[in-house]
Structure formats: structure tokens, C-alpha cells
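Below is entry_32.cif, holding mmCIF, C-alpha atoms and all ligand atoms.
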```
data_final
loop_
_atom_site.group_PDB
_atom_site.id
_atom_site.type_symbol
_atom_site.label_atom_id
_atom_site.label_comp_id
_atom_site.auth_asym_id
_atom_site.auth_seq_id
_atom_site.Cartn_x
_atom_site.Cartn_y
_atom_site.Cartn_z
ATOM 1 C CA ALA A 1 75.624 106.760 87.149
ATOM 2 C CA ARG A 2 76.032 103.121 88.098
ATOM 3 C CA GLU A 3 77.671 102.395 84.727
ATOM 4 C CA ALA A 4 80.121 105.302 85.255
ATOM 5 C CA LEU A 5 81.024 103.917 88.696
ATOM 6 C CA ARG A 6 81.662 100.508 87.204
ATOM 7 C CA GLU A 7 83.892 101.854 84.486
ATOM 8 C CA SER A 8 86.004 103.908 86.889
ATOM 9 C CA ARG A 9 86.349 101.315 89.645
ATOM 10 C CA HIS A 10 89.969 100.426 88.897
ATOM 11 C CA LEU A 11 91.169 104.044 88.909
ATOM 12 C CA PRO A 12 93.041 105.039 92.078
ATOM 13 C CA ALA A 13 91.437 107.215 94.752
ATOM 14 C CA THR A 14 93.464 110.301 93.882
ATOM 15 C CA THR A 15 92.023 113.670 94.856
ATOM 16 C CA LEU A 16 91.833 116.608 92.428
ATOM 17 C CA ASP A 17 95.032 118.001 93.974
ATOM 18 C CA GLY A 18 96.944 114.723 93.709
ATOM 19 C CA HIS A 19 96.672 113.039 97.127
ATOM 20 C CA THR A 20 96.152 109.278 96.914
ATOM 21 C CA VAL A 21 94.700 106.964 99.549
ATOM 22 C CA GLU A 22 94.776 103.160 99.166
ATOM 23 C CA ILE A 23 91.386 101.490 98.899
ATOM 24 C CA ALA A 24 91.150 97.930 100.188
ATOM 25 C CA ALA A 25 88.426 95.468 101.112
ATOM 26 C CA ASN A 26 87.344 93.533 104.177
ATOM 27 C CA VAL A 27 86.891 89.856 103.286
ATOM 28 C CA ALA A 28 86.578 86.432 104.868
ATOM 29 C CA ASN A 29 87.921 84.119 102.147
ATOM 30 C CA ALA A 30 89.665 83.891 98.783
ATOM 31 C CA ALA A 31 86.454 83.968 96.723
ATOM 32 C CA GLN A 32 85.464 87.236 98.363
ATOM 33 C CA ALA A 33 88.979 88.577 97.836
ATOM 34 C CA ALA A 34 88.773 87.790 94.116
ATOM 35 C CA SER A 35 85.438 89.554 93.752
ATOM 36 C CA ALA A 36 86.689 92.510 95.812
ATOM 37 C CA ILE A 37 89.595 92.954 93.387
ATOM 38 C CA GLU A 38 87.149 92.711 90.523
ATOM 39 C CA ALA A 39 85.096 95.435 92.272
ATOM 40 C CA GLY A 40 88.107 97.763 92.337
ATOM 41 C CA ALA A 41 89.809 96.967 95.661
ATOM 42 C CA GLU A 42 93.597 97.369 95.575
ATOM 43 C CA GLY A 43 94.253 94.967 98.434
ATOM 44 C CA VAL A 44 92.733 93.312 101.488
ATOM 45 C CA GLY A 45 92.939 95.534 104.558
ATOM 46 C CA LEU A 46 91.203 93.032 106.808
ATOM 47 C CA MET A 47 90.759 89.314 106.385
ATOM 48 C CA ARG A 48 88.656 88.176 109.331
ATOM 49 C CA THR A 49 89.624 84.607 110.280
ATOM 50 C CA GLU A 50 86.713 83.954 112.645
ATOM 51 C CA PHE A 51 84.689 82.223 109.933
ATOM 52 C CA LEU A 52 87.261 79.420 109.889
ATOM 53 C CA PHE A 53 86.355 78.622 113.479
ATOM 54 C CA LEU A 54 82.575 79.049 113.430
ATOM 55 C CA GLU A 55 79.905 76.408 112.880
ATOM 56 C CA ARG A 56 82.055 73.354 113.424
ATOM 57 C CA ASP A 57 82.976 70.958 116.234
ATOM 58 C CA SER A 58 86.699 71.539 116.633
ATOM 59 C CA ALA A 59 89.294 74.173 115.802
ATOM 60 C CA PRO A 60 90.914 74.068 112.341
ATOM 61 C CA GLY A 61 94.429 72.634 112.477
ATOM 62 C CA GLU A 62 97.635 74.133 111.105
ATOM 63 C CA GLU A 63 97.384 72.332 107.763
ATOM 64 C CA GLU A 64 93.828 73.462 107.093
ATOM 65 C CA GLN A 65 94.616 77.055 108.025
ATOM 66 C CA TYR A 66 97.793 76.992 105.946
ATOM 67 C CA ARG A 67 95.811 75.986 102.873
ATOM 68 C CA VAL A 68 93.291 78.791 103.414
ATOM 69 C CA TYR A 69 95.940 81.498 103.914
ATOM 70 C CA ARG A 70 98.011 80.173 101.024
ATOM 71 C CA GLU A 71 95.011 80.375 98.708
ATOM 72 C CA MET A 72 94.457 83.944 99.896
ATOM 73 C CA ALA A 73 98.093 84.872 99.246
ATOM 74 C CA GLU A 74 97.931 83.349 95.771
ATOM 75 C CA THR A 75 94.656 85.109 94.972
ATOM 76 C CA MET A 76 96.129 88.469 95.986
ATOM 77 C CA ALA A 77 99.083 87.960 93.609
ATOM 78 C CA GLY A 78 101.380 90.354 95.437
ATOM 79 C CA ARG A 79 98.763 92.912 96.497
ATOM 80 C CA THR A 80 98.514 93.942 100.153
ATOM 81 C CA LEU A 81 96.998 91.239 102.346
ATOM 82 C CA ILE A 82 96.386 91.874 106.034
ATOM 83 C CA ILE A 83 95.220 88.776 107.888
ATOM 84 C CA ARG A 84 93.796 89.316 111.339
ATOM 85 C CA THR A 85 94.275 86.599 113.930
ATOM 86 C CA LEU A 86 91.262 85.068 115.587
ATOM 87 C CA ASP A 87 88.947 87.630 117.196
ATOM 88 C CA ILE A 88 86.649 85.340 119.132
ATOM 89 C CA GLY A 89 84.924 86.285 122.376
ATOM 90 C CA GLY A 90 82.751 89.369 122.512
ATOM 91 C CA ASP A 91 79.671 88.668 120.424
ATOM 92 C CA LYS A 92 81.228 85.690 118.607
ATOM 93 C CA GLN A 93 81.181 82.484 120.632
ATOM 94 C CA VAL A 94 82.705 79.110 119.789
ATOM 95 C CA PRO A 95 81.250 76.287 121.902
ATOM 96 C CA TYR A 96 84.087 73.733 121.444
ATOM 97 C CA LEU A 97 86.636 76.112 122.973
ATOM 98 C CA ASN A 98 84.807 75.696 126.307
ATOM 99 C CA LEU A 99 85.400 79.268 127.336
ATOM 100 C CA PRO A 100 83.951 80.326 130.682
ATOM 101 C CA HIS A 101 80.702 82.288 130.670
ATOM 102 C CA GLU A 102 81.258 86.033 130.988
ATOM 103 C CA GLU A 103 78.806 88.672 132.185
ATOM 104 C CA ASN A 104 80.297 91.300 129.846
ATOM 105 C CA PRO A 105 81.903 89.465 126.929
ATOM 106 C CA PHE A 106 82.784 92.681 125.051
ATOM 107 C CA LEU A 107 84.911 93.592 128.071
ATOM 108 C CA GLY A 108 86.164 90.066 128.520
ATOM 109 C CA VAL A 109 88.695 87.606 127.171
ATOM 110 C CA ARG A 110 88.430 88.626 123.536
ATOM 111 C CA GLY A 111 90.774 88.819 120.531
ATOM 112 C CA ALA A 112 94.455 88.982 121.445
ATOM 113 C CA ARG A 113 93.580 88.450 125.106
ATOM 114 C CA LEU A 114 92.227 85.010 124.258
ATOM 115 C CA LEU A 115 95.208 84.113 122.066
ATOM 116 C CA LEU A 116 97.613 85.045 124.848
ATOM 117 C CA THR A 117 95.821 82.730 127.274
ATOM 118 C CA ARG A 118 95.264 79.986 124.656
ATOM 119 C CA GLN A 119 98.687 79.717 123.083
ATOM 120 C CA ASP A 120 97.720 76.461 121.371
ATOM 121 C CA LEU A 121 95.375 78.524 119.179
ATOM 122 C CA LEU A 122 97.944 81.305 118.753
ATOM 123 C CA TYR A 123 100.788 79.063 117.602
ATOM 124 C CA THR A 124 98.649 76.997 115.256
ATOM 125 C CA GLN A 125 97.515 80.178 113.526
ATOM 126 C CA LEU A 126 100.934 81.874 113.476
ATOM 127 C CA ARG A 127 102.692 78.795 112.117
ATOM 128 C CA ALA A 128 100.103 78.514 109.340
ATOM 129 C CA LEU A 129 100.536 82.206 108.489
ATOM 130 C CA TYR A 130 104.343 82.044 108.306
ATOM 131 C CA ARG A 131 104.161 78.973 106.112
ATOM 132 C CA ALA A 132 101.607 80.583 103.799
ATOM 133 C CA ALA A 133 103.760 83.703 103.485
ATOM 134 C CA ALA A 134 106.126 81.706 101.289
ATOM 135 C CA HIS A 135 103.415 82.042 98.594
ATOM 136 C CA GLY A 136 102.870 85.808 98.744
ATOM 137 C CA PRO A 137 103.178 88.750 101.091
ATOM 138 C CA ILE A 138 101.084 88.569 104.280
ATOM 139 C CA LYS A 139 100.842 91.069 107.114
ATOM 140 C CA ILE A 140 99.712 89.832 110.520
ATOM 141 C CA MET A 141 97.268 91.908 112.550
ATOM 142 C CA PHE A 142 96.206 91.400 116.161
ATOM 143 C CA PRO A 143 92.750 92.485 117.382
ATOM 144 C CA MET A 144 91.767 93.972 120.766
ATOM 145 C CA VAL A 145 95.298 94.817 121.877
ATOM 146 C CA THR A 146 95.084 97.068 124.961
ATOM 147 C CA HIS A 147 98.470 97.036 126.692
ATOM 148 C CA ILE A 148 102.064 97.585 125.572
ATOM 149 C CA ALA A 149 103.018 94.284 127.216
ATOM 150 C CA GLU A 150 100.582 92.437 124.916
ATOM 151 C CA ILE A 151 102.160 93.614 121.678
ATOM 152 C CA GLU A 152 105.617 92.954 123.073
ATOM 153 C CA ALA A 153 104.612 89.382 123.957
ATOM 154 C CA LEU A 154 102.840 88.854 120.630
ATOM 155 C CA ARG A 155 105.897 89.963 118.679
ATOM 156 C CA GLU A 156 108.007 87.446 120.562
ATOM 157 C CA HIS A 157 105.496 84.686 119.842
ATOM 158 C CA CYS A 158 105.556 85.632 116.151
ATOM 159 C CA GLU A 159 109.322 85.344 116.073
ATOM 160 C CA ARG A 160 109.222 81.965 117.825
ATOM 161 C CA ALA A 161 106.586 80.642 115.412
ATOM 162 C CA ARG A 162 108.642 81.896 112.469
ATOM 163 C CA GLU A 163 111.732 80.120 113.761
ATOM 164 C CA GLN A 164 109.723 76.897 114.037
ATOM 165 C CA VAL A 165 108.526 76.852 110.430
ATOM 166 C CA GLY A 166 111.008 79.096 108.641
ATOM 167 C CA GLY A 167 109.767 81.723 106.243
ATOM 168 C CA PRO A 168 110.244 85.462 105.908
ATOM 169 C CA LYS A 169 109.785 88.085 108.613
ATOM 170 C CA LEU A 170 106.318 89.565 108.297
ATOM 171 C CA ALA A 171 104.929 92.986 109.101
ATOM 172 C CA ILE A 172 103.125 92.859 112.447
ATOM 173 C CA GLY A 173 100.370 95.344 113.223
ATOM 174 C CA ILE A 174 97.502 95.932 115.569
ATOM 175 C CA MET A 175 93.916 97.034 115.394
ATOM 176 C CA VAL A 176 93.376 100.361 117.108
ATOM 177 C CA GLU A 177 89.970 99.636 118.570
ATOM 178 C CA VAL A 178 90.469 100.077 122.310
ATOM 179 C CA PRO A 179 90.516 103.768 123.314
ATOM 180 C CA ALA A 180 93.600 103.256 125.519
ATOM 181 C CA VAL A 181 95.633 102.415 122.410
ATOM 182 C CA ALA A 182 94.382 105.454 120.491
ATOM 183 C CA VAL A 183 95.196 107.705 123.462
ATOM 184 C CA MET A 184 98.675 106.169 123.811
ATOM 185 C CA ALA A 185 99.273 105.741 120.078
ATOM 186 C CA ASP A 186 102.626 107.533 120.363
ATOM 187 C CA ARG A 187 103.852 104.705 122.576
ATOM 188 C CA PHE A 188 102.428 101.918 120.398
ATOM 189 C CA ALA A 189 103.569 103.345 117.039
ATOM 190 C CA PRO A 190 107.273 102.536 117.500
ATOM 191 C CA LEU A 191 106.396 98.939 118.446
ATOM 192 C CA VAL A 192 104.318 97.982 115.406
ATOM 193 C CA ASP A 193 104.725 97.947 111.638
ATOM 194 C CA PHE A 194 101.221 99.293 111.065
ATOM 195 C CA PHE A 195 97.957 100.339 112.653
ATOM 196 C CA SER A 196 94.436 99.678 111.418
ATOM 197 C CA VAL A 197 91.682 101.580 113.180
ATOM 198 C CA GLY A 198 88.615 99.444 113.937
ATOM 199 C CA THR A 199 85.977 102.136 114.110
ATOM 200 C CA ASN A 200 83.186 99.716 115.065
ATOM 201 C CA ASP A 201 84.739 98.686 118.354
ATOM 202 C CA LEU A 202 86.533 101.987 118.919
ATOM 203 C CA THR A 203 83.119 103.665 118.772
ATOM 204 C CA GLN A 204 81.410 101.209 121.110
ATOM 205 C CA TYR A 205 84.199 101.459 123.678
ATOM 206 C CA THR A 206 84.600 105.242 123.429
ATOM 207 C CA LEU A 207 80.896 106.020 123.711
ATOM 208 C CA ALA A 208 80.123 103.113 126.069
ATOM 209 C CA VAL A 209 77.361 101.907 123.742
ATOM 210 C CA ASP A 210 76.945 98.236 122.851
ATOM 211 C CA ARG A 211 77.217 98.172 119.053
ATOM 212 C CA GLN A 212 74.388 95.613 118.898
ATOM 213 C CA HIS A 213 72.099 97.121 121.513
ATOM 214 C CA PRO A 214 68.506 97.121 120.195
ATOM 215 C CA GLU A 215 67.774 100.664 121.418
ATOM 216 C CA LEU A 216 71.189 102.288 121.656
ATOM 217 C CA ALA A 217 73.030 101.011 118.576
ATOM 218 C CA ALA A 218 72.099 104.150 116.602
ATOM 219 C CA GLN A 219 74.041 106.180 119.174
ATOM 220 C CA ALA A 220 77.155 104.154 118.391
ATOM 221 C CA ASP A 221 77.940 106.701 115.695
ATOM 222 C CA SER A 222 81.523 106.618 114.428
ATOM 223 C CA LEU A 223 81.232 110.231 113.250
ATOM 224 C CA HIS A 224 81.121 111.331 116.889
ATOM 225 C CA PRO A 225 83.872 113.940 117.391
ATOM 226 C CA ALA A 226 85.229 111.981 120.366
ATOM 227 C CA VAL A 227 85.894 109.012 118.067
ATOM 228 C CA LEU A 228 87.340 111.236 115.336
ATOM 229 C CA GLY A 229 89.610 112.867 117.915
ATOM 230 C CA LEU A 230 91.027 109.495 118.903
ATOM 231 C CA ILE A 231 91.628 108.660 115.246
ATOM 232 C CA ALA A 232 93.354 112.029 114.720
ATOM 233 C CA ASN A 233 95.609 111.297 117.688
ATOM 234 C CA THR A 234 96.417 107.878 116.228
ATOM 235 C CA VAL A 235 97.278 109.350 112.825
ATOM 236 C CA ALA A 236 99.485 112.039 114.392
ATOM 237 C CA ALA A 237 101.447 109.409 116.331
ATOM 238 C CA ALA A 238 101.710 107.193 113.243
ATOM 239 C CA LYS A 239 103.093 110.073 111.147
ATOM 240 C CA LYS A 240 105.626 110.922 113.833
ATOM 241 C CA TYR A 241 107.099 107.407 113.669
ATOM 242 C CA GLY A 242 106.502 106.699 109.987
ATOM 243 C CA THR A 243 104.004 103.975 110.884
ATOM 244 C CA TRP A 244 101.441 103.151 108.198
ATOM 245 C CA VAL A 245 97.853 103.667 109.352
ATOM 246 C CA GLY A 246 94.674 102.328 107.772
ATOM 247 C CA VAL A 247 91.038 102.139 108.831
ATOM 248 C CA CYS A 248 89.034 98.933 108.510
ATOM 249 C CA GLY A 249 85.868 99.735 110.483
ATOM 250 C CA GLY A 250 82.528 100.699 108.960
ATOM 251 C CA LEU A 251 83.371 104.414 108.851
ATOM 252 C CA ALA A 252 85.857 103.759 106.020
ATOM 253 C CA GLY A 253 83.076 102.685 103.642
ATOM 254 C CA ASP A 254 80.790 105.620 104.424
ATOM 255 C CA PRO A 255 81.114 108.442 101.837
ATOM 256 C CA LEU A 256 81.375 111.226 104.446
ATOM 257 C CA GLY A 257 83.457 109.058 106.781
ATOM 258 C CA ALA A 258 85.897 108.236 103.975
ATOM 259 C CA ARG A 259 86.363 111.951 103.190
ATOM 260 C CA ILE A 260 86.951 112.875 106.827
ATOM 261 C CA LEU A 261 89.340 109.966 107.389
ATOM 262 C CA THR A 262 91.291 110.845 104.247
ATOM 263 C CA GLY A 263 91.352 114.454 105.421
ATOM 264 C CA LEU A 264 92.774 113.265 108.745
ATOM 265 C CA GLY A 265 95.648 111.724 106.767
ATOM 266 C CA VAL A 266 95.125 107.951 106.920
ATOM 267 C CA ASP A 267 97.036 105.877 104.360
ATOM 268 C CA GLU A 268 94.328 103.353 103.578
ATOM 269 C CA LEU A 269 90.595 102.718 103.826
ATOM 270 C CA SER A 270 89.361 99.114 103.934
ATOM 271 C CA MET A 271 85.670 98.420 103.443
ATOM 272 C CA SER A 272 83.021 96.058 102.060
ATOM 273 C CA ALA A 273 83.661 95.350 98.389
ATOM 274 C CA GLN A 274 80.284 96.851 97.493
ATOM 275 C CA ASP A 275 81.391 100.299 98.757
ATOM 276 C CA VAL A 276 84.737 100.434 96.941
ATOM 277 C CA ALA A 277 83.734 102.036 93.635
ATOM 278 C CA ALA A 278 81.557 104.712 95.243
ATOM 279 C CA VAL A 279 84.174 105.715 97.834
ATOM 280 C CA LYS A 280 86.862 105.941 95.165
ATOM 281 C CA ALA A 281 84.629 108.118 92.973
ATOM 282 C CA GLU A 282 83.742 110.333 95.946
ATOM 283 C CA LEU A 283 87.403 110.939 96.788
ATOM 284 C CA ARG A 284 88.357 111.595 93.166
ATOM 285 C CA LYS A 285 85.950 114.517 92.934
ATOM 286 C CA THR A 286 87.189 116.284 96.063
ATOM 287 C CA SER A 287 90.421 118.054 96.917
ATOM 288 C CA PHE A 288 92.705 117.048 99.772
ATOM 289 C CA ALA A 289 92.899 120.668 101.000
ATOM 290 C CA GLU A 290 89.097 120.769 101.166
ATOM 291 C CA ILE A 291 88.729 117.516 103.124
ATOM 292 C CA GLN A 292 91.583 118.447 105.460
ATOM 293 C CA ALA A 293 89.541 121.547 106.337
ATOM 294 C CA LEU A 294 86.427 119.366 106.646
ATOM 295 C CA ALA A 295 88.282 117.060 109.042
ATOM 296 C CA ARG A 296 89.409 120.013 111.168
ATOM 297 C CA ARG A 297 85.834 121.263 111.446
ATOM 298 C CA ALA A 298 84.581 117.753 112.273
ATOM 299 C CA LEU A 299 87.067 117.492 115.145
ATOM 300 C CA ALA A 300 85.698 120.724 116.587
ATOM 301 C CA ALA A 301 82.012 119.740 116.287
ATOM 302 C CA ARG A 302 79.846 119.086 119.338
ATOM 303 C CA ASN A 303 78.197 115.843 118.210
ATOM 304 C CA ALA A 304 77.838 113.440 115.291
ATOM 305 C CA ASP A 305 74.828 115.270 113.816
ATOM 306 C CA GLU A 306 76.847 118.460 113.640
ATOM 307 C CA VAL A 307 79.588 116.544 111.798
ATOM 308 C CA ARG A 308 77.035 115.170 109.364
ATOM 309 C CA SER A 309 75.676 118.622 108.607
ATOM 310 C CA LEU A 310 79.094 120.056 107.671
HETATM 311 C C1 LIG A 401 86.059 97.050 114.052
HETATM 312 O O1 LIG A 401 85.921 96.817 115.260
HETATM 313 O O2 LIG A 401 85.874 98.166 113.547
HETATM 314 C C2 LIG A 401 86.476 95.967 113.133
HETATM 315 C C3 LIG A 401 86.818 96.221 111.880
HETATM 316 O O3 LIG A 401 86.482 94.694 113.621
HETATM 317 P P1 LIG A 401 85.162 93.812 113.837
HETATM 318 O O4 LIG A 401 84.030 94.569 113.196
HETATM 319 O O5 LIG A 401 85.463 92.492 113.214
HETATM 320 O O6 LIG A 401 85.079 93.761 115.335
HETATM 321 MG MG MG A 402 86.668 95.011 116.116
#
```
Mind converting the file's structure to C-alpha cells?
Amino acid sequence: AREALRESRHLPATTLDGHTVEIAANVANAAQAASAIEAGAEGVGLMRTEFLFLERDSAPGEEEQYRVYREMAETMAGRTLIIRTLDIGGDKQVPYLNLPHEENPFLGVRGARLLLTRQDLLYTQLRALYRAAAHGPIKIMFPMVTHIAEIEALREHCERAREQVGGPKLAIGIMVEVPAVAVMADRFAPLVDFFSVGTNDLTQYTLAVDRQHPELAAQADSLHPAVLGLIANTVAAAKKYGTWVGVCGGLAGDPLGARILTGLGVDELSMSAQDVAAVKAELRKTSFAEIQALARRALAARNADEVRSL
């Protein structure tokens, strides 16, 4: 079975009745991107840039970041590459930034909120991204966006950074990982070029369960119908405005999760490279009509266990 998976890993995830969903990988650097492609990924749906900032004494400058993003763009050779801006705060702390202590860091100055208050970090990263985009297509994604005003401000900052360094206009998208954005997706969709649903944080914020809590983490179950309902609302809004919508949280790499998400109509699933071949094979042996019905039943379920038993 493992040999069959290996042999079929470069085939697209096309259902028996001809519906195709893009399969991408979550990576942190160019070496991982290269092995993800080798493992069957068609693009990178999430490059986390936190690693660039961790375990060092000062923030990486524009030149260093430019080299990293350029290498990524070259490695992808024209395939989709979504690079997420710094998502520090929450569980990930960086001592040299001297950020104030917070009682509830997951509800604190995290992701895009930090970049909007620390525009030195924002501009260094945006300038590096626009410069790197001369070497291959890059899409910019902002994490933890909550308010309309944030994406409006971020778009303006992107344009200013682009004017400073030159380079092409880039697609600008947001993570859908705060419930407010999923609920108001119809108002965010016209303002962005794409959505990517972060099911890990969307689940923790929807169910009010710390995703790392020693006793409660198991309850942070992304198959919960409340979470699926928010994703369905996001997809409906995206379709209405022709906005591309992917999923880059853990649910995308789960065989049942991938079927339900595809049934809900997402355009892309981005996951760990190790899950790519199995998810593609799973989707190839099902029909879109069947998983659309599965998704409808999941939305009507009473809890995550009921979804799992469908
Ligand atoms: C998510 O929240 O689902 C996500 C993909 O982002 P991260 O896990 O990096 O918070
Ligand atoms: Mg997240």
C-alpha cells in the first residue's frame, strides 16, 4: 500500500466525478519546500516565517529575509507560494523584541496586531517579500486579522513597501482563524485576494479551548460542527465574491477532515508534506457528490464524535 501511495503521489487530487482540489504543503524553509514537492505537494499553502526570528539575539534584517524568500521563490519554480508574515506572540515568544508580558497571550498582541504596532518589523518583512517576488510568484498572507480596519491598513502598507522597492503587485490574503472573520467573511472577501482557514486557531477561539492545554487540548477538535459551520460560511462568502479559499490548519491533513473540507467546496488543502500522498489518494477514491453530502451531514451533527462516526 505504501508503494502504491508513493507511485501515485504526483497525480492530482481529482475525485471520481472530476472535481479537483489543490494539494499544498506547510513548510518553514526552502529545503522543506523541495522535499514537499518531491512528496507530491503542488505548491506551498503556508510558509511560516517565525523560524527566521526564533533562537537568535536580534531580528533578521531585510537582506537576510530577502535571500530566504528569494530561495523559496526559486525552489518553487512558478508553483504557488504563500508566505505568511510573522506570527509571533501567542505561544511563540521572542525575547529580543522586548514585548510586554501578557496574562493571555493568545488573546493579546499577536500576528498582524503586532506588525501593526511594530511597523519596523512589518516594513522590513514586506520590503524583503516584494524584492524576492522578482524571482518568482509570491502571495502575502497576514495572520490573526480580526477587524476590517486591519486589512485595509495592511493593504496600504503593502502598497507603500512595494513603491519603496519596486516589484510587481502581489496577491494579499488573510488567515481566517479568528471567529469574527469567519462570521463576517462576506465583508472580508471583497477586500482580499484569498483566504486561508487556520483551523488550529479557529478551533481554539471558537471552542474557547487552549490548543496546548494539558487536559483540554483533546476537546479542541476541528471536526466540531461549530468550527465546520464557520468554515462553510467562509466558503460561501468566498464563492460569492470569487475569492480563492484554502485551508492550512491541521484539519486539511486529516483524511476525514480533507474529505469534509473538499465537500464544503474549498479550493486548496495545505498540510504537512508527510500527509500529502495519503490525502490525495483518499480524495481520488471518493466522489464530490458523496463528500458534499457528507459535509452537509457534518454541519448538522451535534458534536465532533457524531461527525467522526458519519
Ligand atoms: C492555524 O492556526 O491553523 C495555522 C495554520 O497557523 P498556526 O498553526 O501557525 O497558528
Ligand atoms: Mg494560527
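With all atoms listed in the file counted, the chains near ligand LIG 401 (chain A) contribute these residues within 8 Å: Leu46, Arg48, Asp87, Pro143, Met175, Glu177, Val197, Gly198, Thr199, Asn200, Asp201, Leu202, Val247, Cys248, Gly249 and Gly250 of chain A.
For the choices A:Ala252, A:Ala180, A:Leu126, A:Ala36, the atom-to-atom distance to A:Glu63 is smallest for A:Leu126 when using only C-alpha atoms.
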*Among listed residues A:Trp244, A:Phe194, A:Phe288, A:Phe142, nearest ligand MG 402 (chain A) (using all atoms listed in the file)*: A:Phe142
_Å distance separating atom CA of A:Arg110 from atom CA of A:Val145, one decimal place_ = 9.4 Å
*Out of A:His19, A:Arg56, A:Lys92, A:Arg296, which residue has the shortest atom-to-atom distance to A:Leu228 when counting all atoms listed in the file?*
A:Arg296
_At a cut-off of 12 Å, using only C-alpha atoms, what residues contact A:His147? Leave out same-chain residues fewer than 5 positions from it and give the result as a PyMOL selection string._
chain A and resi 112-113+152-154+174+176+178-185+187-188+191
*Selection dump of the PyMOL selection byres (((chain A and resi 73) around 8) and not hetatm), as an NGL selection string*: :A and (69-72 or 74-78 or 81 or 132-133 or 135-138)
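With the shown file loaded, the PyMOL selection byres (((chain A and resi 274-278) around 9) and not hetatm) picks out Leu5, Arg6, Ser8, Arg9, His10, Ile23, Ala24, Ala25, Ala36, Ala39, Gly40, Ala41, Gly253, Asp254, Pro255, Ser270, Met271, Ser272, Ala273, Val279, Lys280, Ala281, Glu282 and Leu283 of chain A.
Non-sequential neighbours of A:Thr243 (distance at most 7 Å, separation of 4 or more positions within a chain, all atoms listed in the file) are Ala189, Asp193, Phe194, Ala238 and Lys239 of chain A.
Rounded to one decimal, atom CA of A:Met144 and atom CA of A:Thr85 lie 10.4 Å from each other.
We find atom CA of A:Gln65 and atom CA of A:Ala161 to be spaced 14.5 Å apart.
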*Which of these, A:Pro105, A:Pro60, A:Gly45, A:Gly111, has the shortest distance to A:Arg79 once you count only C-alpha atoms?*
A:Gly45
Translate the PyMOL selection byres (((chain A and resi 268) around 7) and not hetatm), as applied to the file shown, into an explicit residue set as a PDB file with C-alpha atoms, in the frame of the given file.
```
ATOM      1  CA  VAL A  21      94.700 106.964  99.549  1.00  0.00           C
ATOM      2  CA  GLU A  22      94.776 103.160  99.166  1.00  0.00           C
ATOM      3  CA  ILE A  23      91.386 101.490  98.899  1.00  0.00           C
ATOM      4  CA  VAL A 245      97.853 103.667 109.352  1.00  0.00           C
ATOM      5  CA  GLY A 246      94.674 102.328 107.772  1.00  0.00           C
ATOM      6  CA  VAL A 247      91.038 102.139 108.831  1.00  0.00           C
ATOM      7  CA  VAL A 266      95.125 107.951 106.920  1.00  0.00           C
ATOM      8  CA  ASP A 267      97.036 105.877 104.360  1.00  0.00           C
ATOM      9  CA  LEU A 269      90.595 102.718 103.826  1.00  0.00           C
ATOM     10  CA  SER A 270      89.361  99.114 103.934  1.00  0.00           C
TER      11      SER A 270
END
```
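Considering the residues A:Ala33, A:Leu86, A:Leu107, A:Ala13 and counting all atoms listed in the file, A:Asp210 has its shortest atom-to-atom contact with A:Leu107.
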*Considering all atoms listed in the file, state which residue in the set A:Ala149, A:Ile88, A:Leu114, A:Ile291 is at the smallest distance from ligand MG 402 (chain A).*
A:Ile88
*asked:* If we count only C-alpha atoms and set the cut-off at 12 Å, which residues sit around A:Glu102, ignoring sequence neighbours fewer than 3 positions away in its own chain? Please answer as number ranges by chain.
replied: A: 89-91, 93, 98-99, 105-110
*Taking (84.4, 71.4, 116.6) in the file's coordinates, which residues come within 8 Å, counting only C-alpha atoms, written as a PyMOL selection string?*
chain A and resi 55-59+95-96
Filled-in N, CA and C atoms of stretch 109-122 of chain A, supplied as a short mmCIF file (atom, residue, chain, number, x, y, z; two decimals), keeping the file's coordinate frame:
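After the write, rebuild.cif holds the following:
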```cif
data_model
loop_
_atom_site.label_atom_id
_atom_site.label_comp_id
_atom_site.auth_asym_id
_atom_site.auth_seq_id
_atom_site.Cartn_x
_atom_site.Cartn_y
_atom_site.Cartn_z
N VAL A 109 87.53 88.24 127.80
CA VAL A 109 88.70 87.61 127.17
C VAL A 109 88.41 87.47 125.68
N ARG A 110 88.79 88.48 124.94
CA ARG A 110 88.43 88.63 123.54
C ARG A 110 89.68 88.90 122.70
N GLY A 111 89.68 88.46 121.45
CA GLY A 111 90.77 88.82 120.53
C GLY A 111 92.13 88.38 121.05
N ALA A 112 93.08 89.31 121.03
CA ALA A 112 94.46 88.98 121.44
C ALA A 112 94.52 88.48 122.89
N ARG A 113 93.58 88.92 123.72
CA ARG A 113 93.58 88.45 125.11
C ARG A 113 93.38 86.94 125.15
N LEU A 114 92.48 86.45 124.30
CA LEU A 114 92.23 85.01 124.26
C LEU A 114 93.46 84.27 123.73
N LEU A 115 94.05 84.81 122.66
CA LEU A 115 95.21 84.11 122.07
C LEU A 115 96.38 84.05 123.04
N LEU A 116 96.51 85.06 123.88
CA LEU A 116 97.61 85.04 124.85
C LEU A 116 97.36 84.05 125.98
N THR A 117 96.09 83.73 126.24
CA THR A 117 95.82 82.73 127.27
C THR A 117 95.69 81.33 126.66
N ARG A 118 95.37 81.29 125.34
CA ARG A 118 95.26 79.99 124.66
C ARG A 118 96.35 79.92 123.59
N GLN A 119 97.58 79.65 124.04
CA GLN A 119 98.69 79.72 123.08
C GLN A 119 98.67 78.56 122.09
N ASP A 120 97.90 77.52 122.37
CA ASP A 120 97.72 76.46 121.37
C ASP A 120 97.09 77.06 120.12
N LEU A 121 96.05 77.88 120.31
CA LEU A 121 95.38 78.52 119.18
C LEU A 121 96.31 79.52 118.50
N LEU A 122 97.04 80.28 119.30
CA LEU A 122 97.94 81.31 118.75
C LEU A 122 99.00 80.67 117.86
#
```
